[in-house]
Amino acid sequence: MTCASVGSMLECVVNVSEGRDEFVLNALRAAAGGTLLDLHADPHHNRAVLTLAGPDVEEAAQTVAAEGVRRIDLGRHHGVHPRLGAVDVVPFAPLERSTIADAVAARDRFAAWAAAQLGLPCFLYGPERSLPDVRRLAFSSLAPDTGSPEPHPSAGVICVGARPVLIAYNVALTDPVAADVAIAMRGTAVRALGLDAGDGSTQVSMNLLDWRKVGPAQAYDKVARLAERAGAKVAGAELVGLLPAAALEAVPNDRWHELGLSSEKTIESRL
């Protein structure tokens, strides 16, 4: 199965609820094959993010999802990151010569496949509703769009999305103030969570939805200002997955190291 438009390319960023077991992570790497651009695993979150792209990305996403469902049991999962499923989030995003309509079509095909082949309920997000809406409303006022009306006993559900390319970016703080900082960071261009980092420090975990408006440098600097007002300091920053080359080029290169960025972590360099 390939993308809807001839010559188009989609990115798929598969988030799975496993960030510790190297045996499972290696199995997911193998399942992704040549579409895998990056795998970022966080043992404290107990979560991994696989960035896939290419003409066979839909087939690869299916193979990764099937492997994740087979190997990950939510009943045994412990981690600080919120999750609804073993294969928690599967968003498609347009890259070269593709559109959000191509991403929506891929999303819908994946959700139909996951319901039929894996027996998993799927919640759709994108133009209709946001991922936070799904997390908040699932199984209360919102029923799955495909599949069973009840969660799978070991794999839960999959949130399947269509969205523009975003940047996932974490900033660590020295003190437990991340929850308040995250609330202050939220807006139309930024989604943010405050998470315990497990060692007395905390982390502001962000999705930069409109990186042209708020990129890594702007997000880092605002977190630093808010943390300082609360008596804390920034302890480090990390990119989760990859970012567009244009987003990196918008940051002065003498700040790349401070911000946890590099030219090897762009989508274009991996393609």
# chains A, B, ... in the order shown; residues from 1 in each chain; ligands from 1
>>> closest_atom_pairs(of="range 222-262 of chain A", to="range 39-50 of chain A", cutoff="12 Å", atoms="only C-alpha atoms", output="Markdown table")
| residue | atom | partner | partner_atom | distance |
| --- | --- | --- | --- | --- |
| A:Glu238 | CA | A:His40 | CA | 10.4 |
| A:Leu239 | CA | A:His40 | CA | 9.0 |
| A:Val240 | CA | A:His40 | CA | 6.2 |
| A:Gly241 | CA | A:His40 | CA | 5.9 |
| A:Leu242 | CA | A:His40 | CA | 9.4 |
>>> select_by_dssp(residues="range 19-123 of chain A", states="helix (DSSP H, G or I)", output="JSON, numbers by chain")
{"A": [22, 23, 24, 25, 26, 27, 28, 29, 30, 31, 32, 33, 34, 35, 57, 58, 59, 60, 61, 62, 63, 64, 65, 66, 67, 68, 69, 70, 71, 74, 75, 76, 100, 101, 102, 103, 104, 105, 106, 107, 108, 109, 110, 111, 112, 113, 114, 115, 116, 117, 118]}
>>> residues_around(residues="Ala217 in chain A", least_positions_apart="6", cutoff="10 Å", atoms="only C-alpha atoms", output="ChimeraX atom specification")
/A:211,223,247-248,250-252,255-256,258-259,261
>>> write_last_selection(atoms="N, CA, C and O atoms", output="PDB file, in the first residue's frame")
ATOM      1  N   TRP A 211       5.688  25.359  14.244  1.00  0.00           N
ATOM      2  CA  TRP A 211       7.078  25.665  14.586  1.00  0.00           C
ATOM      3  C   TRP A 211       7.566  26.944  13.915  1.00  0.00           C
ATOM      4  O   TRP A 211       8.595  27.493  14.315  1.00  0.00           O
ATOM      5  N   VAL A 223      10.174  28.666  28.371  1.00  0.00           N
ATOM      6  CA  VAL A 223      10.212  27.754  29.518  1.00  0.00           C
ATOM      7  C   VAL A 223      11.233  28.242  30.537  1.00  0.00           C
ATOM      8  O   VAL A 223      10.975  28.243  31.748  1.00  0.00           O
ATOM      9  N   ALA A 247      13.141  24.367  10.150  1.00  0.00           N
ATOM     10  CA  ALA A 247      13.024  24.725  11.571  1.00  0.00           C
ATOM     11  C   ALA A 247      14.401  24.825  12.216  1.00  0.00           C
ATOM     12  O   ALA A 247      14.639  25.698  13.060  1.00  0.00           O
ATOM     13  N   LEU A 248      15.316  23.942  11.835  1.00  0.00           N
ATOM     14  CA  LEU A 248      16.675  24.012  12.358  1.00  0.00           C
ATOM     15  C   LEU A 248      17.386  25.252  11.835  1.00  0.00           C
ATOM     16  O   LEU A 248      18.074  25.957  12.595  1.00  0.00           O
ATOM     17  N   ALA A 250      16.241  28.016  11.125  1.00  0.00           N
ATOM     18  CA  ALA A 250      15.734  29.244  11.748  1.00  0.00           C
ATOM     19  C   ALA A 250      16.393  29.527  13.090  1.00  0.00           C
ATOM     20  O   ALA A 250      16.191  30.609  13.659  1.00  0.00           O
ATOM     21  N   VAL A 251      17.177  28.578  13.606  1.00  0.00           N
ATOM     22  CA  VAL A 251      17.848  28.723  14.902  1.00  0.00           C
ATOM     23  C   VAL A 251      19.325  29.022  14.659  1.00  0.00           C
ATOM     24  O   VAL A 251      19.976  28.308  13.882  1.00  0.00           O
ATOM     25  N   PRO A 252      19.905  30.032  15.274  1.00  0.00           N
ATOM     26  CA  PRO A 252      21.346  30.278  15.124  1.00  0.00           C
ATOM     27  C   PRO A 252      22.138  29.019  15.495  1.00  0.00           C
ATOM     28  O   PRO A 252      21.873  28.406  16.536  1.00  0.00           O
ATOM     29  N   ARG A 255      23.504  27.996  18.911  1.00  0.00           N
ATOM     30  CA  ARG A 255      22.595  27.574  19.980  1.00  0.00           C
ATOM     31  C   ARG A 255      22.193  26.102  19.839  1.00  0.00           C
ATOM     32  O   ARG A 255      21.481  25.582  20.713  1.00  0.00           O
ATOM     33  N   TRP A 256      22.551  25.458  18.751  1.00  0.00           N
ATOM     34  CA  TRP A 256      22.086  24.099  18.506  1.00  0.00           C
ATOM     35  C   TRP A 256      22.419  23.160  19.660  1.00  0.00           C
ATOM     36  O   TRP A 256      21.576  22.385  20.104  1.00  0.00           O
ATOM     37  N   GLU A 258      23.086  23.816  22.856  1.00  0.00           N
ATOM     38  CA  GLU A 258      22.303  24.181  24.042  1.00  0.00           C
ATOM     39  C   GLU A 258      20.873  23.666  23.945  1.00  0.00           C
ATOM     40  O   GLU A 258      20.293  23.199  24.941  1.00  0.00           O
ATOM     41  N   LEU A 259      20.306  23.709  22.747  1.00  0.00           N
ATOM     42  CA  LEU A 259      18.909  23.344  22.546  1.00  0.00           C
ATOM     43  C   LEU A 259      18.718  21.869  22.227  1.00  0.00           C
ATOM     44  O   LEU A 259      17.575  21.418  22.043  1.00  0.00           O
ATOM     45  N   LEU A 261      19.843  20.250  19.500  1.00  0.00           N
ATOM     46  CA  LEU A 261      19.574  20.110  18.079  1.00  0.00           C
ATOM     47  C   LEU A 261      20.852  19.801  17.308  1.00  0.00           C
ATOM     48  O   LEU A 261      21.948  20.067  17.778  1.00  0.00           O
TER      49      LEU A 261
END
>>> atom_distance(atom1="CA of Asn26 in chain A", atom2="CA of Pro55 in chain A")
22.5 Å
>>> atom_distance(atom1="CA of Ala27 in chain A", atom2="CA of Glu150 in chain A")
27.6 Å
>>> residues_around(residues="range 171-174 of chain A", least_positions_apart="5", cutoff="8 Å", atoms="only C-alpha atoms", output="PyMOL selection string")
chain A and resi 197+200-205+220+223+227+232-238
>>> closest_atom_pairs(of="range 40-99 of chain A", to="range 103-121 of chain A", cutoff="10 Å", atoms="only C-alpha atoms", output="tab-separated table")
residue	atom	partner	partner_atom	distance
A:Val57	CA	A:Ala106	CA	9.5
A:Glu58	CA	A:Ala106	CA	6.9
A:Glu59	CA	A:Phe110	CA	9.0
A:Ala61	CA	A:Phe110	CA	8.2
A:Gln62	CA	A:Phe110	CA	7.2
A:Ala65	CA	A:Ala114	CA	8.3
A:Ala66	CA	A:Leu118	CA	7.0
A:Val69	CA	A:Leu118	CA	7.9
A:Arg70	CA	A:Leu118	CA	9.4
A:Gly85	CA	A:Leu120	CA	9.5
A:Val90	CA	A:Arg107	CA	8.2
A:Pro91	CA	A:Arg107	CA	7.2
A:Phe92	CA	A:Ala103	CA	5.2
A:Ala93	CA	A:Ala103	CA	5.6
A:Pro94	CA	A:Ala103	CA	6.0
A:Leu95	CA	A:Ala103	CA	9.5
A:Ser98	CA	A:Ala103	CA	7.9
A:Thr99	CA	A:Ala103	CA	6.6
>>> write_last_selection(atoms="C-alpha atoms", output="short mmCIF file (atom, residue, chain, number, x, y, z; two decimals), in the first residue's frame")
data_model
loop_
_atom_site.label_atom_id
_atom_site.label_comp_id
_atom_site.auth_asym_id
_atom_site.auth_seq_id
_atom_site.Cartn_x
_atom_site.Cartn_y
_atom_site.Cartn_z
CA VAL A 57 5.06 4.04 4.98
CA GLU A 58 1.49 2.76 5.36
CA GLU A 59 2.54 -0.87 5.07
CA ALA A 61 3.10 1.42 10.02
CA GLN A 62 0.85 -1.64 9.89
CA ALA A 65 1.59 -1.74 14.91
CA ALA A 66 1.06 -5.50 14.62
CA VAL A 69 0.27 -5.16 19.79
CA ARG A 70 1.81 -8.62 19.86
CA GLY A 85 -2.88 1.98 23.93
CA VAL A 90 -0.24 6.77 14.88
CA PRO A 91 -0.32 10.14 13.08
CA PHE A 92 0.27 10.61 9.35
CA ALA A 93 1.73 13.92 8.13
CA PRO A 94 2.29 15.22 4.60
CA LEU A 95 5.84 15.60 3.29
CA SER A 98 1.53 15.35 -0.49
CA THR A 99 -1.32 17.10 1.25
#
>>> closest_residue(among="A:Ser269, A:Ser148, A:Ser141, A:Ser130", to="Leu243 in chain A", atoms="only C-alpha atoms")
A:Ser269
